[in-house]
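Taking it in order: structure first as structure tokens, then the write-up.
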Amino acid sequence: MDQCQLELPENILVKDLLPFLFQKKERAENFKLPPLRYAVNESFVADETLLKDGDCVCLITPVAGGC
Amino acid sequence: MGIDVGLCHETIKLPKLEQSFSLNSGAQVFFGGYVRNHHAGKQVLQLFYEAYESMALKILHQKAEAARQKWSLDQVWIRHRLGEIPLGEMAVAVLTASVHRQEAYQANIWLMDQIKQDLPIWKKESYADSSSEWVICSH
């Protein structure tokens with residue numbers, strides 16, 4: 001897992017985060033893999049979720065727990 | 001007994017089934033998921049699991065509590081191993097106990113489905129041809 005801090009405009013939705021991440025980290029292009037899910041503060045959220053200052057966002061690529 | 005869930009980086013140590021058993025329970029179901037030596041026609045040498053650990057633990061607790069309430073379980077015990085896991089070793093274990101067997105069976109199946117769908121854990125397979133791959137698998 002990789003992480004970084006971003007300065008974002010106000011009233012931004014979690015689904016609109018990617019372009020800002022791509023500017024910050026070239027490797028973020030890898031996250032274009034569908035289907036991408038979003039977690040905010042360690043809970044899955046809808047794409048339309050409004051971000052607020054201090055939120056921790058995780059881009060969840062397809063998971064594969066279990067055997 | 002209630003709920004006991006966790007992630008571990010070493011061999012999963014199972015509870016002693018009789019000792020962990022509630023006298024209220026008439027049934028106990030155990031599922032173990034093991035590293036097998038093949039996937040999609042390739043010979044697998046080992047698995048590597050990576051997790052967003054704090055979120056995975058939080059979700060494990062939520063799922064276990066949801067199962068306990070839905071099926072009136074006496075016990076939910078879950079462990080998921082992370083890191084490198086050799087062939088034949090256990091990667092995940094789910095134990096459920098209830099008054100009657102149907103609830104323990106159904107809850108156990110549901111919990112494994114939830115683990116595969118919603119737990120932020122990723123799996124990389126290493127193959128005999130020296131290649132490796134992060135896999136997407138819901139079997």
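Lettering and numbering for the structure tokens are positional, with chains as A, B, ... in the shown order, residues counted from 1 in each chain, and ligands counted from 1 in the shown order.
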Which residues are near Leu17 (chain A)? Cut-off 10 Å, only C-alpha atoms, ignore same chain within fewer than 6 positions. Put them as a PDB file with C-alpha atoms, in the first residue's frame.
```
ATOM      1  CA  LEU A   6      -3.497  15.882  -1.010  1.00  0.00           C
ATOM      2  CA  LEU A   8      -8.156  19.443  -2.568  1.00  0.00           C
ATOM      3  CA  LEU A  51     -15.088  14.668   1.340  1.00  0.00           C
ATOM      4  CA  VAL A  57      -9.493   7.930   1.620  1.00  0.00           C
ATOM      5  CA  LEU A  59      -8.873   3.326  -3.151  1.00  0.00           C
TER       6      LEU A  59
END
```
| task | Fewer than 4 positions away in the same chain doesn't count, so skip those; otherwise give me all residues within 9 Å of Val94 (chain B), counting only C-alpha atoms, as a PyMOL selection string. | result | chain B and resi 29-33+76-80+108+111-112
| field | region 62-64 of chain A environment, 6 Å, only C-alpha atoms, sequence neighbours closer than 2 positions dropped, as JSON, numbers by chain | value | {"B": [116, 120, 121, 122, 123, 136, 137]}
Would you mind exporting N, CA, C and O atoms of the selected residues as a PDB file, in the first residue's frame?
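Final file, part_39.pdb:
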```pdb
ATOM      1  N   LYS B 116     -14.504 -12.615   1.424  1.00  0.00           N
ATOM      2  CA  LYS B 116     -13.987 -12.557   0.053  1.00  0.00           C
ATOM      3  C   LYS B 116     -14.443 -11.297  -0.686  1.00  0.00           C
ATOM      4  O   LYS B 116     -13.755 -10.814  -1.577  1.00  0.00           O
ATOM      5  N   PRO B 120     -10.541  -5.758   2.954  1.00  0.00           N
ATOM      6  CA  PRO B 120      -9.470  -5.183   2.133  1.00  0.00           C
ATOM      7  C   PRO B 120      -8.170  -5.978   2.286  1.00  0.00           C
ATOM      8  O   PRO B 120      -7.232  -5.560   2.958  1.00  0.00           O
ATOM      9  N   ILE B 121      -8.177  -7.132   1.647  1.00  0.00           N
ATOM     10  CA  ILE B 121      -7.027  -8.030   1.630  1.00  0.00           C
ATOM     11  C   ILE B 121      -6.775  -8.430   0.188  1.00  0.00           C
ATOM     12  O   ILE B 121      -7.714  -8.732  -0.544  1.00  0.00           O
ATOM     13  N   TRP B 122      -5.503  -8.400  -0.193  1.00  0.00           N
ATOM     14  CA  TRP B 122      -5.133  -8.730  -1.574  1.00  0.00           C
ATOM     15  C   TRP B 122      -4.173  -9.903  -1.578  1.00  0.00           C
ATOM     16  O   TRP B 122      -3.359 -10.063  -0.658  1.00  0.00           O
ATOM     17  N   LYS B 123      -4.292 -10.699  -2.651  1.00  0.00           N
ATOM     18  CA  LYS B 123      -3.557 -11.975  -2.697  1.00  0.00           C
ATOM     19  C   LYS B 123      -2.671 -12.034  -3.937  1.00  0.00           C
ATOM     20  O   LYS B 123      -3.139 -11.795  -5.050  1.00  0.00           O
ATOM     21  N   ILE B 136      -7.657 -11.865  -8.700  1.00  0.00           N
ATOM     22  CA  ILE B 136      -9.035 -11.552  -8.353  1.00  0.00           C
ATOM     23  C   ILE B 136      -9.781 -12.873  -8.384  1.00  0.00           C
ATOM     24  O   ILE B 136      -9.821 -13.530  -9.416  1.00  0.00           O
ATOM     25  N   CYS B 137     -10.323 -13.263  -7.262  1.00  0.00           N
ATOM     26  CA  CYS B 137     -10.928 -14.596  -7.187  1.00  0.00           C
ATOM     27  C   CYS B 137     -12.060 -14.587  -6.175  1.00  0.00           C
ATOM     28  O   CYS B 137     -11.893 -14.122  -5.059  1.00  0.00           O
TER      29      CYS B 137
END
```
| request: From chain B, collect each residue whose DSSP state is strand (DSSP E or B) and return the set as an MDAnalysis selection string. | output: chainID B and resid 2:8 27:34 38:39 42:51 75:81 83:86 90:98 121:127 132:135
| task | Would you give me, as a count of residues only, the residues of chain B that come within 10 Å of chain A, using only C-alpha atoms? | result | 43
| Which of chain A fall in alpha helix (DSSP H), as an MDAnalysis selection string | chainID A and resid 18:24
| said: Can you pull out the residues contacting His100 (chain B)? Cut-off 12 Å, using only C-alpha atoms, and skip same-chain residues under 3 positions away; I want them as a PyMOL selection string. | reply: chain B and resi 24-29+71-74+96-97+103-107
| request: Would you please work out which residue, of B:His38, B:Leu87, B:Ala128, B:Ile3, is nearest to Gln69 (chain B) when using only C-alpha atoms? | output: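 Looking only at the distances to Gln69 (chain B), the closest residue turns out to be B:Ile3.
Distances here use only C-alpha atoms; by that measure, the residue among B:Ile85, B:Val99, B:Leu45, B:Ile109 closest to Ile12 (chain B) is B:Ile85.
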| task | Tell me, in Å to one decimal, how far CA of Leu95 (chain B) is from CA of Arg68 (chain B). | result |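 It comes out at 11.7 Å.
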| query | How far is it from CA of Val5 (chain B) to CA of Ala64 (chain B), in Å with one decimal? | reply | 7.8 Å
| Which residue gives the smallest distance to Gln5 (chain A) among A:Thr49, A:Arg37, A:Pro19, A:Lys25, with only C-alpha atoms counted? | A:Lys25
